[in-house]
$ cat query_12.cif   # mmCIF, C-alpha atoms
data_structure
loop_
_atom_site.group_PDB
_atom_site.id
_atom_site.type_symbol
_atom_site.label_atom_id
_atom_site.label_comp_id
_atom_site.auth_asym_id
_atom_site.auth_seq_id
_atom_site.Cartn_x
_atom_site.Cartn_y
_atom_site.Cartn_z
ATOM 1 C CA MET P 180 0.000 0.000 0.000
ATOM 2 C CA ASN P 181 2.818 2.429 0.821
ATOM 3 C CA GLU P 182 4.391 1.908 -2.609
ATOM 4 C CA VAL P 183 1.097 2.739 -4.324
ATOM 5 C CA VAL P 184 0.862 5.993 -2.366
ATOM 6 C CA ARG P 185 4.451 6.925 -3.241
ATOM 7 C CA LEU P 186 3.720 6.614 -6.958
ATOM 8 C CA ILE P 187 0.396 8.439 -7.001
ATOM 9 C CA ARG P 188 0.043 11.030 -9.765
ATOM 10 C CA GLY P 189 0.504 14.636 -8.697
ATOM 11 C CA ASP P 190 2.081 14.205 -5.280
ATOM 12 C CA SER P 191 3.251 17.389 -3.587
ATOM 13 C CA ASP P 192 6.865 16.937 -4.685
ATOM 14 C CA ALA P 193 5.883 16.479 -8.342
ATOM 15 C CA GLU P 194 3.694 19.585 -8.176
ATOM 16 C CA LYS P 195 6.526 21.643 -6.665
ATOM 17 C CA ILE P 196 9.108 20.476 -9.206
ATOM 18 C CA GLY P 197 6.663 20.872 -12.095
ATOM 19 C CA ALA P 198 5.833 24.408 -11.001
ATOM 20 C CA LEU P 199 9.522 25.348 -10.847
ATOM 21 C CA TYR P 200 10.127 23.848 -14.272
ATOM 22 C CA ALA P 201 7.131 25.735 -15.692
ATOM 23 C CA LYS P 202 8.498 28.992 -14.237
ATOM 24 C CA ALA P 203 11.883 28.278 -15.812
ATOM 25 C CA ARG P 204 10.226 28.002 -19.221
ATOM 26 C CA ARG P 205 8.258 31.259 -18.732
ATOM 27 C CA SER P 206 10.746 33.519 -17.008
ATOM 28 C CA LEU P 207 13.102 35.718 -18.958
ATOM 29 C CA THR P 208 15.361 36.910 -16.159
ATOM 30 C CA ASP P 209 15.175 34.120 -13.586
ATOM 31 C CA SER P 210 15.231 31.099 -15.888
ATOM 32 C CA LEU P 211 18.592 29.827 -14.701
ATOM 33 C CA ARG P 212 17.729 30.117 -11.009
ATOM 34 C CA TYR P 213 14.441 28.282 -11.462
ATOM 35 C CA LEU P 214 16.181 25.491 -13.358
ATOM 36 C CA ILE P 215 18.753 25.110 -10.608
ATOM 37 C CA GLU P 216 16.058 25.080 -7.906
ATOM 38 C CA ALA P 217 14.037 22.515 -9.850
ATOM 39 C CA GLY P 218 17.164 20.418 -10.277
ATOM 40 C CA GLN P 219 17.986 20.575 -6.575
ATOM 41 C CA ALA P 220 14.440 19.529 -5.632
ATOM 42 C CA LEU P 221 14.595 16.707 -8.151
ATOM 43 C CA ARG P 222 17.905 15.450 -6.717
ATOM 44 C CA ILE P 223 16.429 15.415 -3.212
ATOM 45 C CA LYS P 224 13.367 13.559 -4.467
ATOM 46 C CA LYS P 225 15.470 10.926 -6.251
ATOM 47 C CA LYS P 226 17.636 10.315 -3.187
ATOM 48 C CA SER P 227 14.516 9.728 -1.088
ATOM 49 C CA MET P 228 13.267 6.942 -3.349
ATOM 50 C CA GLN P 229 14.000 3.245 -3.204
ATOM 51 C CA TYR P 230 15.659 1.287 -5.993
ATOM 52 C CA GLY P 231 13.354 0.908 -8.989
ATOM 53 C CA GLU P 232 10.960 3.708 -8.049
ATOM 54 C CA TRP P 233 12.591 6.598 -9.931
ATOM 55 C CA LEU P 234 11.502 5.886 -13.525
ATOM 56 C CA PRO P 235 7.956 4.813 -12.537
ATOM 57 C CA TRP P 236 7.611 8.049 -10.520
ATOM 58 C CA LEU P 237 8.684 10.117 -13.548
ATOM 59 C CA LYS P 238 6.164 8.289 -15.720
ATOM 60 C CA VAL P 239 3.267 8.573 -13.266
ATOM 61 C CA ASN P 240 3.898 12.329 -12.819
ATOM 62 C CA ALA P 241 4.829 13.120 -16.448
ATOM 63 C CA ASP P 242 1.968 15.577 -17.048
ATOM 64 C CA VAL P 243 2.448 17.266 -13.652
ATOM 65 C CA LEU P 244 6.189 17.679 -14.099
ATOM 66 C CA GLY P 245 5.849 18.899 -17.692
ATOM 67 C CA PHE P 246 9.124 17.299 -18.811
ATOM 68 C CA GLU P 247 9.492 16.573 -22.510
ATOM 69 C CA SER P 248 11.286 13.283 -21.831
ATOM 70 C CA GLU P 249 13.421 11.424 -19.277
ATOM 71 C CA ARG P 250 16.389 13.325 -20.715
ATOM 72 C CA THR P 251 14.916 16.524 -19.312
ATOM 73 C CA ALA P 252 15.017 14.980 -15.829
ATOM 74 C CA GLN P 253 18.658 14.022 -16.319
ATOM 75 C CA ARG P 254 19.552 17.549 -17.435
ATOM 76 C CA LEU P 255 17.768 19.014 -14.417
ATOM 77 C CA LEU P 256 19.662 16.666 -12.092
ATOM 78 C CA ARG P 257 22.903 18.057 -13.511
ATOM 79 C CA MET P 258 21.655 21.648 -13.059
ATOM 80 C CA GLY P 259 20.898 20.809 -9.422
ATOM 81 C CA LYS P 260 24.622 20.624 -8.722
ATOM 82 C CA TYR P 261 24.856 24.421 -8.979
ATOM 83 C CA ASP P 262 24.139 26.880 -6.155
ATOM 84 C CA ALA P 263 20.922 28.825 -6.830
ATOM 85 C CA SER P 264 22.099 31.676 -4.612
ATOM 86 C CA VAL P 265 25.120 32.405 -6.818
ATOM 87 C CA VAL P 266 24.693 35.399 -9.136
ATOM 88 C CA PHE P 267 26.105 34.339 -12.503
ATOM 89 C CA ASP P 268 27.295 36.983 -14.914
ATOM 90 C CA GLU P 269 25.512 37.265 -18.242
ATOM 91 C CA SER P 270 27.951 35.166 -20.266
ATOM 92 C CA GLU P 271 28.045 32.354 -17.694
ATOM 93 C CA ALA P 272 24.253 32.247 -17.420
ATOM 94 C CA ALA P 273 23.848 32.258 -21.198
ATOM 95 C CA GLU P 274 26.281 29.374 -21.566
ATOM 96 C CA LEU P 275 24.557 27.285 -18.877
ATOM 97 C CA LEU P 276 21.170 27.898 -20.454
ATOM 98 C CA ARG P 277 22.480 27.046 -23.923
ATOM 99 C CA ASN P 278 23.874 23.803 -22.554
ATOM 100 C CA PHE P 279 20.599 22.936 -20.865
ATOM 101 C CA TRP P 280 18.175 23.748 -23.684
ATOM 102 C CA GLY P 281 20.539 22.656 -26.433
ATOM 103 C CA HIS P 282 21.040 19.044 -25.378
ATOM 104 C CA ASP P 283 18.058 17.778 -27.336
ATOM 105 C CA GLY P 284 19.097 19.593 -30.510
ATOM 106 C CA ARG P 285 16.476 22.340 -30.317
ATOM 107 C CA THR P 286 17.301 25.890 -31.293
ATOM 108 C CA VAL P 287 14.924 27.511 -28.825
ATOM 109 C CA LYS P 288 16.536 29.803 -26.295
ATOM 110 C CA PRO P 289 15.550 32.279 -23.603
ATOM 111 C CA TYR P 290 14.758 35.830 -24.625
ATOM 112 C CA THR P 291 17.806 37.599 -26.038
ATOM 113 C CA GLY P 292 16.724 41.197 -25.403
ATOM 114 C CA ASP P 293 16.402 41.825 -29.160
ATOM 115 C CA ASP P 294 12.982 43.289 -30.062
ATOM 116 C CA GLU P 295 13.600 43.150 -33.809
ATOM 117 C CA TRP P 296 12.149 39.757 -34.756
ATOM 118 C CA TYR P 297 10.080 39.723 -37.948
ATOM 119 C CA THR P 298 6.937 37.660 -38.488
ATOM 120 C CA PRO P 299 7.136 35.300 -41.502
ATOM 121 C CA ALA P 300 5.355 36.459 -44.656
ATOM 122 C CA GLU P 301 2.970 33.486 -44.701
ATOM 123 C CA TYR P 302 1.290 34.758 -41.511
ATOM 124 C CA ILE P 303 1.262 38.383 -42.634
ATOM 125 C CA GLU P 304 -0.550 37.356 -45.815
ATOM 126 C CA ARG P 305 -3.252 35.681 -43.728
ATOM 127 C CA VAL P 306 -3.530 38.795 -41.565
ATOM 128 C CA ARG P 307 -3.881 40.980 -44.639
ATOM 129 C CA ARG P 308 -6.654 38.806 -46.084
ATOM 130 C CA VAL P 309 -8.608 38.779 -42.805
ATOM 131 C CA LEU P 310 -8.340 42.526 -42.260
ATOM 132 C CA GLY P 311 -8.705 43.416 -45.941
ATOM 133 C CA GLY P 312 -5.446 45.366 -45.695
ATOM 134 C CA ILE P 313 -3.166 46.738 -42.982
ATOM 135 C CA ASP P 314 -3.553 50.435 -42.252
ATOM 136 C CA LEU P 315 -1.099 50.562 -39.345
ATOM 137 C CA ASP P 316 1.808 48.582 -37.922
ATOM 138 C CA PRO P 317 2.609 50.437 -34.667
ATOM 139 C CA ALA P 318 5.766 48.486 -33.726
ATOM 140 C CA SER P 319 7.843 48.293 -36.850
ATOM 141 C CA ASN P 320 10.653 49.619 -39.041
ATOM 142 C CA GLU P 321 11.400 49.998 -42.734
ATOM 143 C CA ARG P 322 12.854 46.504 -43.078
ATOM 144 C CA ALA P 323 9.764 44.844 -41.592
ATOM 145 C CA GLN P 324 7.603 46.845 -43.991
ATOM 146 C CA GLN P 325 9.071 44.984 -46.950
ATOM 147 C CA ILE P 326 6.688 42.212 -45.854
ATOM 148 C CA VAL P 327 3.988 43.970 -43.805
ATOM 149 C CA GLN P 328 3.406 46.835 -46.267
ATOM 150 C CA ALA P 329 1.178 48.805 -43.904
ATOM 151 C CA GLY P 330 -0.273 52.129 -44.975
ATOM 152 C CA THR P 331 1.425 53.704 -41.933
ATOM 153 C CA PHE P 332 3.958 52.366 -39.472
ATOM 154 C CA PHE P 333 5.584 53.634 -36.294
ATOM 155 C CA THR P 334 9.213 53.095 -35.338
ATOM 156 C CA LYS P 335 10.827 53.443 -31.922
ATOM 157 C CA ALA P 336 11.415 57.112 -32.650
ATOM 158 C CA ASP P 337 7.685 57.696 -33.224
ATOM 159 C CA ASP P 338 6.691 56.421 -29.756
ATOM 160 C CA ALA P 339 3.596 54.436 -30.761
ATOM 161 C CA LEU P 340 2.232 54.491 -27.217
ATOM 162 C CA MET P 341 1.677 58.240 -27.551
ATOM 163 C CA GLN P 342 -0.055 58.008 -30.964
ATOM 164 C CA ASP P 343 -3.607 57.168 -32.003
ATOM 165 C CA TRP P 344 -3.975 53.833 -33.821
ATOM 166 C CA HIS P 345 -6.444 54.276 -36.662
ATOM 167 C CA GLY P 346 -7.998 51.670 -38.923
ATOM 168 C CA ARG P 347 -6.917 48.053 -39.384
ATOM 169 C CA VAL P 348 -3.948 47.241 -37.189
ATOM 170 C CA TRP P 349 -1.345 44.479 -37.163
ATOM 171 C CA LEU P 350 0.777 44.248 -34.005
ATOM 172 C CA ASN P 351 3.743 42.066 -33.118
ATOM 173 C CA PRO P 352 4.771 44.008 -29.980
ATOM 174 C CA PRO P 353 8.235 44.456 -28.476
ATOM 175 C CA TYR P 354 9.001 42.137 -25.566
ATOM 176 C CA SER P 355 11.425 44.352 -23.652
ATOM 177 C CA LYS P 356 10.714 44.536 -19.945
ATOM 178 C CA GLY P 357 7.795 46.849 -19.311
ATOM 179 C CA LEU P 358 6.904 47.435 -22.961
ATOM 180 C CA LEU P 359 4.848 44.336 -23.643
ATOM 181 C CA TYR P 360 2.062 45.090 -21.177
ATOM 182 C CA GLN P 361 1.990 48.713 -22.334
ATOM 183 C CA PHE P 362 1.529 47.726 -25.979
ATOM 184 C CA VAL P 363 -1.182 45.175 -25.169
ATOM 185 C CA SER P 364 -2.956 47.725 -22.984
ATOM 186 C CA LYS P 365 -2.695 50.299 -25.771
ATOM 187 C CA MET P 366 -4.233 47.856 -28.252
ATOM 188 C CA ILE P 367 -7.187 47.192 -25.963
ATOM 189 C CA HIS P 368 -7.669 50.928 -25.412
ATOM 190 C CA GLU P 369 -7.595 51.697 -29.142
ATOM 191 C CA VAL P 370 -10.078 48.906 -29.967
ATOM 192 C CA LYS P 371 -12.440 50.100 -27.227
ATOM 193 C CA SER P 372 -12.150 53.681 -28.479
ATOM 194 C CA LYS P 373 -13.064 52.398 -31.988
ATOM 195 C CA ARG P 374 -10.131 54.197 -33.528
ATOM 196 C CA THR P 375 -8.849 50.695 -34.291
ATOM 197 C CA THR P 376 -11.631 49.146 -36.361
ATOM 198 C CA ALA P 377 -10.110 45.649 -36.599
ATOM 199 C CA ALA P 378 -6.820 44.141 -35.495
ATOM 200 C CA ILE P 379 -4.704 41.029 -35.183
ATOM 201 C CA MET P 380 -2.054 40.833 -32.464
ATOM 202 C CA LEU P 381 0.620 38.160 -32.087
ATOM 203 C CA LEU P 382 1.730 37.258 -28.550
ATOM 204 C CA ASN P 383 3.523 34.456 -26.759
ATOM 205 C CA ASN P 384 1.043 32.019 -25.240
ATOM 206 C CA PHE P 385 1.816 32.716 -21.569
ATOM 207 C CA THR P 386 -1.812 32.227 -20.588
ATOM 208 C CA ASP P 387 -1.286 33.132 -16.927
ATOM 209 C CA ALA P 388 0.430 36.474 -17.642
ATOM 210 C CA ASP P 389 -1.427 39.722 -16.957
ATOM 211 C CA TRP P 390 -0.886 40.958 -20.511
ATOM 212 C CA PHE P 391 -2.253 37.699 -21.972
ATOM 213 C CA GLN P 392 -5.345 37.904 -19.784
ATOM 214 C CA LEU P 393 -5.779 41.534 -20.826
ATOM 215 C CA ALA P 394 -5.467 40.613 -24.505
ATOM 216 C CA CYS P 395 -8.234 38.024 -24.008
ATOM 217 C CA SER P 396 -10.580 40.494 -22.393
ATOM 218 C CA ILE P 397 -12.248 41.798 -25.557
ATOM 219 C CA CYS P 398 -10.885 39.648 -28.385
ATOM 220 C CA ALA P 399 -13.335 38.034 -30.798
ATOM 221 C CA ALA P 400 -11.220 34.943 -31.463
ATOM 222 C CA ILE P 401 -7.837 33.358 -30.747
ATOM 223 C CA CYS P 402 -5.666 30.963 -32.751
ATOM 224 C CA PHE P 403 -2.910 28.868 -31.161
ATOM 225 C CA PRO P 404 -0.488 27.871 -33.953
ATOM 226 C CA ARG P 405 0.594 24.273 -34.259
ATOM 227 C CA GLY P 406 4.329 24.169 -33.521
ATOM 228 C CA ARG P 407 6.675 27.122 -33.100
ATOM 229 C CA ILE P 408 6.889 30.103 -35.434
ATOM 230 C CA TYR P 409 10.340 30.774 -36.860
ATOM 231 C CA PHE P 410 11.177 34.472 -36.729
ATOM 232 C CA LYS P 411 14.022 36.330 -38.431
ATOM 233 C CA ASN P 412 16.005 39.168 -36.856
ATOM 234 C CA ALA P 413 17.668 42.201 -38.443
ATOM 235 C CA SER P 414 20.869 40.293 -39.188
ATOM 236 C CA GLY P 415 18.972 37.553 -40.997
ATOM 237 C CA LYS P 416 19.251 34.979 -38.238
ATOM 238 C CA ILE P 417 16.270 32.624 -38.057
ATOM 239 C CA ASP P 418 15.194 31.319 -34.659
ATOM 240 C CA ARG P 419 12.145 30.288 -32.680
ATOM 241 C CA PRO P 420 11.183 31.371 -29.148
ATOM 242 C CA LEU P 421 11.078 29.158 -26.086
ATOM 243 C CA ASN P 422 7.292 28.865 -26.208
ATOM 244 C CA GLY P 423 4.365 28.847 -28.606
ATOM 245 C CA GLN P 424 2.394 31.847 -29.834
ATOM 246 C CA ALA P 425 -1.203 33.051 -30.113
ATOM 247 C CA PHE P 426 -2.955 35.258 -32.675
ATOM 248 C CA PHE P 427 -5.672 37.488 -31.177
ATOM 249 C CA TYR P 428 -8.400 38.829 -33.441
ATOM 250 C CA TYR P 429 -10.428 41.975 -32.743
ATOM 251 C CA GLY P 430 -13.225 42.824 -35.137
ATOM 252 C CA GLY P 431 -16.477 41.710 -36.705
ATOM 253 C CA ASN P 432 -15.208 39.321 -39.388
ATOM 254 C CA VAL P 433 -14.677 36.241 -37.216
ATOM 255 C CA ASP P 434 -15.592 33.856 -40.034
ATOM 256 C CA SER P 435 -12.738 35.176 -42.159
ATOM 257 C CA PHE P 436 -10.289 34.851 -39.283
ATOM 258 C CA CYS P 437 -11.375 31.272 -38.636
ATOM 259 C CA SER P 438 -11.151 30.419 -42.318
ATOM 260 C CA GLU P 439 -7.640 31.819 -42.687
ATOM 261 C CA PHE P 440 -6.191 30.514 -39.422
ATOM 262 C CA SER P 441 -7.947 27.150 -39.068
ATOM 263 C CA SER P 442 -5.061 25.483 -40.910
ATOM 264 C CA VAL P 443 -2.513 27.267 -38.689
ATOM 265 C CA GLY P 444 -3.687 25.690 -35.431
ATOM 266 C CA CYS P 445 -6.580 25.282 -33.018
ATOM 267 C CA GLY P 446 -8.605 28.234 -31.828
ATOM 268 C CA PHE P 447 -11.530 29.633 -29.916
ATOM 269 C CA VAL P 448 -14.272 32.048 -30.872
ATOM 270 C CA GLY P 449 -15.809 34.561 -28.500
ATOM 271 C CA ALA P 450 -13.043 34.379 -25.897
ATOM 272 C CA ASN P 451 -14.390 37.530 -24.276
ATOM 273 C CA SER P 452 -17.550 35.682 -23.262
ATOM 274 C CA TRP P 453 -15.803 33.948 -20.378
ATOM 275 C CA THR P 454 -12.772 36.049 -19.491
ATOM 276 C CA GLN P 455 -12.695 38.659 -16.747
ATOM 277 C CA SER P 456 -13.107 42.282 -17.686
ATOM 278 C CA ALA P 457 -9.967 44.208 -18.567
ATOM 279 C CA HIS P 458 -8.457 46.208 -15.742
#

$ encode --input "query_12.cif" --output "structure tokens"
Amino acid sequence: MNEVVRLIRGDSDAEKIGALYAKARRSLTDSLRYLIEAGQALRIKKKSMQYGEWLPWLKVNADVLGFESERTAQRLLRMGKYDASVVFDESEAAELLRNFWGHDGRTVKPYTGDDEWYTPAEYIERVRRVLGGIDLDPASNERAQQIVQAGTFFTKADDALMQDWHGRVWLNPPYSKGLLYQFVSKMIHEVKSKRTTAAIMLLNNFTDADWFQLACSICAAICFPRGRIYFKNASGKIDRPLNGQAFFYYGGNVDSFCSEFSSVGCGFVGANSWTQSAH
């Protein structure tokens, strides 16, 4: 009976380790510390178990832990050898994170601090067909406009947060600390004011984040793409972020949005019917 209890799905240790691992995947600045803490907790858990219990425990708690495979557990055990209280300099932290995330051959990495990542043309074409054209791209530059081709666009120098956003808007916002929430909040404000008549906004799918919840508050539909989107930066480097994305639609042509994005991934219509009001 005791062995059955030890292997029950979702025990408190699995929930704690899974939560730390989930934070490591979400956090931009504390990713390394969370990984080390998760690794330390995992090492303690393994030492507490009897011979033959380790792999069954990983399997029973797979969905709670959120690990991609047993290899993830092994990588976390290695990370647990480090001291979470140590403040690593930027180069050391980057190297440790590259080693951790790179072991399975993926190219995904934590946020680099570079806001200039361009959305692939195939998605922009879908946006253009849904909106019937793009009047404004409020977070852009001349290079991005080779694909977006908006009637008007704002650069960093224009300070989009201080401008009115008129017409049909496409937004892939900057992710620098503090800016993301401001841009999402601005989008919601402009849609509510009716200056923005229709819009599509691309965000990371951090569903628990304040800015994600705010984006949901009045959207007409959401699409969660299947797989990761590969973005290109100003130097031509192609990469994909650590997590998936979500397209938010604001406007009255939901059928067109569903038609265009149904092949991109799964989605929901009328998200604002169940979310909390924006604040």

$ resolve_selection --input "query_12.cif" --expression "the PyMOL selection byres ((chain P and resi 199) around 9)" --output "ChimeraX atom specification"
/P:194-198,200-204,213-214,216-217,244

$ write_last_selection --input "query_12.cif" --atoms "C-alpha atoms" --output "PDB file, keeping the file's coordinate frame"
ATOM      1  CA  GLU P 194       3.694  19.585  -8.176  1.00  0.00           C
ATOM      2  CA  LYS P 195       6.526  21.643  -6.665  1.00  0.00           C
ATOM      3  CA  ILE P 196       9.108  20.476  -9.206  1.00  0.00           C
ATOM      4  CA  GLY P 197       6.663  20.872 -12.095  1.00  0.00           C
ATOM      5  CA  ALA P 198       5.833  24.408 -11.001  1.00  0.00           C
ATOM      6  CA  TYR P 200      10.127  23.848 -14.272  1.00  0.00           C
ATOM      7  CA  ALA P 201       7.131  25.735 -15.692  1.00  0.00           C
ATOM      8  CA  LYS P 202       8.498  28.992 -14.237  1.00  0.00           C
ATOM      9  CA  ALA P 203      11.883  28.278 -15.812  1.00  0.00           C
ATOM     10  CA  ARG P 204      10.226  28.002 -19.221  1.00  0.00           C
ATOM     11  CA  TYR P 213      14.441  28.282 -11.462  1.00  0.00           C
ATOM     12  CA  LEU P 214      16.181  25.491 -13.358  1.00  0.00           C
ATOM     13  CA  GLU P 216      16.058  25.080  -7.906  1.00  0.00           C
ATOM     14  CA  ALA P 217      14.037  22.515  -9.850  1.00  0.00           C
ATOM     15  CA  LEU P 244       6.189  17.679 -14.099  1.00  0.00           C
TER      16      LEU P 244
END

$ resolve_selection --input "query_12.cif" --expression "the PyMOL selection byres ((chain P and resi 447) around 7)" --output "ChimeraX atom specification"
/P:400-402,446,448-450

$ residues_around --input "query_12.cif" --residues "Ala318 in chain P" --least-positions-apart "6" --cutoff "10 Å" --atoms "all atoms listed in the file" --output "PyMOL selection string"
chain P and resi 294-295+332-335+337-340+349-353+362

$ closest_residue --input "query_12.cif" --among "P:Leu310, P:Val239, P:Ile326, P:Cys437" --to "Thr375 in chain P" --atoms "only C-alpha atoms"
P:Leu310

$ resolve_selection --input "query_12.cif" --expression "the PyMOL selection byres ((chain P and resi 308) around 12)" --output "PDB file with C-alpha atoms, in the coordinates of the input"
ATOM      1  CA  GLU P 301       2.970  33.486 -44.701  1.00  0.00           C
ATOM      2  CA  TYR P 302       1.290  34.758 -41.511  1.00  0.00           C
ATOM      3  CA  ILE P 303       1.262  38.383 -42.634  1.00  0.00           C
ATOM      4  CA  GLU P 304      -0.550  37.356 -45.815  1.00  0.00           C
ATOM      5  CA  ARG P 305      -3.252  35.681 -43.728  1.00  0.00           C
ATOM      6  CA  VAL P 306      -3.530  38.795 -41.565  1.00  0.00           C
ATOM      7  CA  ARG P 307      -3.881  40.980 -44.639  1.00  0.00           C
ATOM      8  CA  VAL P 309      -8.608  38.779 -42.805  1.00  0.00           C
ATOM      9  CA  LEU P 310      -8.340  42.526 -42.260  1.00  0.00           C
ATOM     10  CA  GLY P 311      -8.705  43.416 -45.941  1.00  0.00           C
ATOM     11  CA  GLY P 312      -5.446  45.366 -45.695  1.00  0.00           C
ATOM     12  CA  ILE P 313      -3.166  46.738 -42.982  1.00  0.00           C
ATOM     13  CA  ARG P 347      -6.917  48.053 -39.384  1.00  0.00           C
ATOM     14  CA  TRP P 349      -1.345  44.479 -37.163  1.00  0.00           C
ATOM     15  CA  ALA P 378      -6.820  44.141 -35.495  1.00  0.00           C
ATOM     16  CA  ILE P 379      -4.704  41.029 -35.183  1.00  0.00           C
ATOM     17  CA  ASN P 432     -15.208  39.321 -39.388  1.00  0.00           C
ATOM     18  CA  ASP P 434     -15.592  33.856 -40.034  1.00  0.00           C
ATOM     19  CA  SER P 435     -12.738  35.176 -42.159  1.00  0.00           C
ATOM     20  CA  PHE P 436     -10.289  34.851 -39.283  1.00  0.00           C
ATOM     21  CA  CYS P 437     -11.375  31.272 -38.636  1.00  0.00           C
ATOM     22  CA  SER P 438     -11.151  30.419 -42.318  1.00  0.00           C
ATOM     23  CA  GLU P 439      -7.640  31.819 -42.687  1.00  0.00           C
ATOM     24  CA  PHE P 440      -6.191  30.514 -39.422  1.00  0.00           C
TER      25      PHE P 440
END

$ atom_distance --input "query_12.cif" --atom1 "CA of Leu382 in chain P" --atom2 "CA of Gly423 in chain P"
8.8 Å

$ closest_residue --input "query_12.cif" --among "P:Ile215, P:Asp192, P:His368, P:Gly330" --to "Leu237 in chain P" --atoms "all atoms listed in the file"
P:Asp192

$ closest_residue --input "query_12.cif" --among "P:Val348, P:Val433, P:Cys395, P:Met341" --to "Ala329 in chain P" --atoms "only C-alpha atoms"
P:Val348

$ residues_around --input "query_12.cif" --residues "Ala336 in chain P" --least-positions-apart "6" --cutoff "12 Å" --atoms "only C-alpha atoms" --output "JSON, numbers by chain"
{"P": [317, 318, 319, 320, 342]}

$ closest_residue --input "query_12.cif" --among "P:Gly245, P:Gly218, P:Gly430, P:Pro299" --to "Lys260 in chain P" --atoms "only C-alpha atoms"
P:Gly218

$ axis_aligned_box --input "query_12.cif" --around "range 308-313 of chain P" --padding-each-side "8 Å" --output "JSON"
{"center_x": -5.9, "center_y": 42.8, "center_z": -44.2, "size_x": 21.5, "size_y": 24.0, "size_z": 19.8}

$ residues_around --input "query_12.cif" --residues "range 388-391 of chain P" --least-positions-apart "3" --cutoff "6 Å" --atoms "all atoms listed in the file" --output "list in words"
Tyr360, Phe385 and Ala394 of chain P

$ atom_distance --input "query_12.cif" --atom1 "CA of Gln361 in chain P" --atom2 "CA of Ser210 in chain P"
23.0 Å
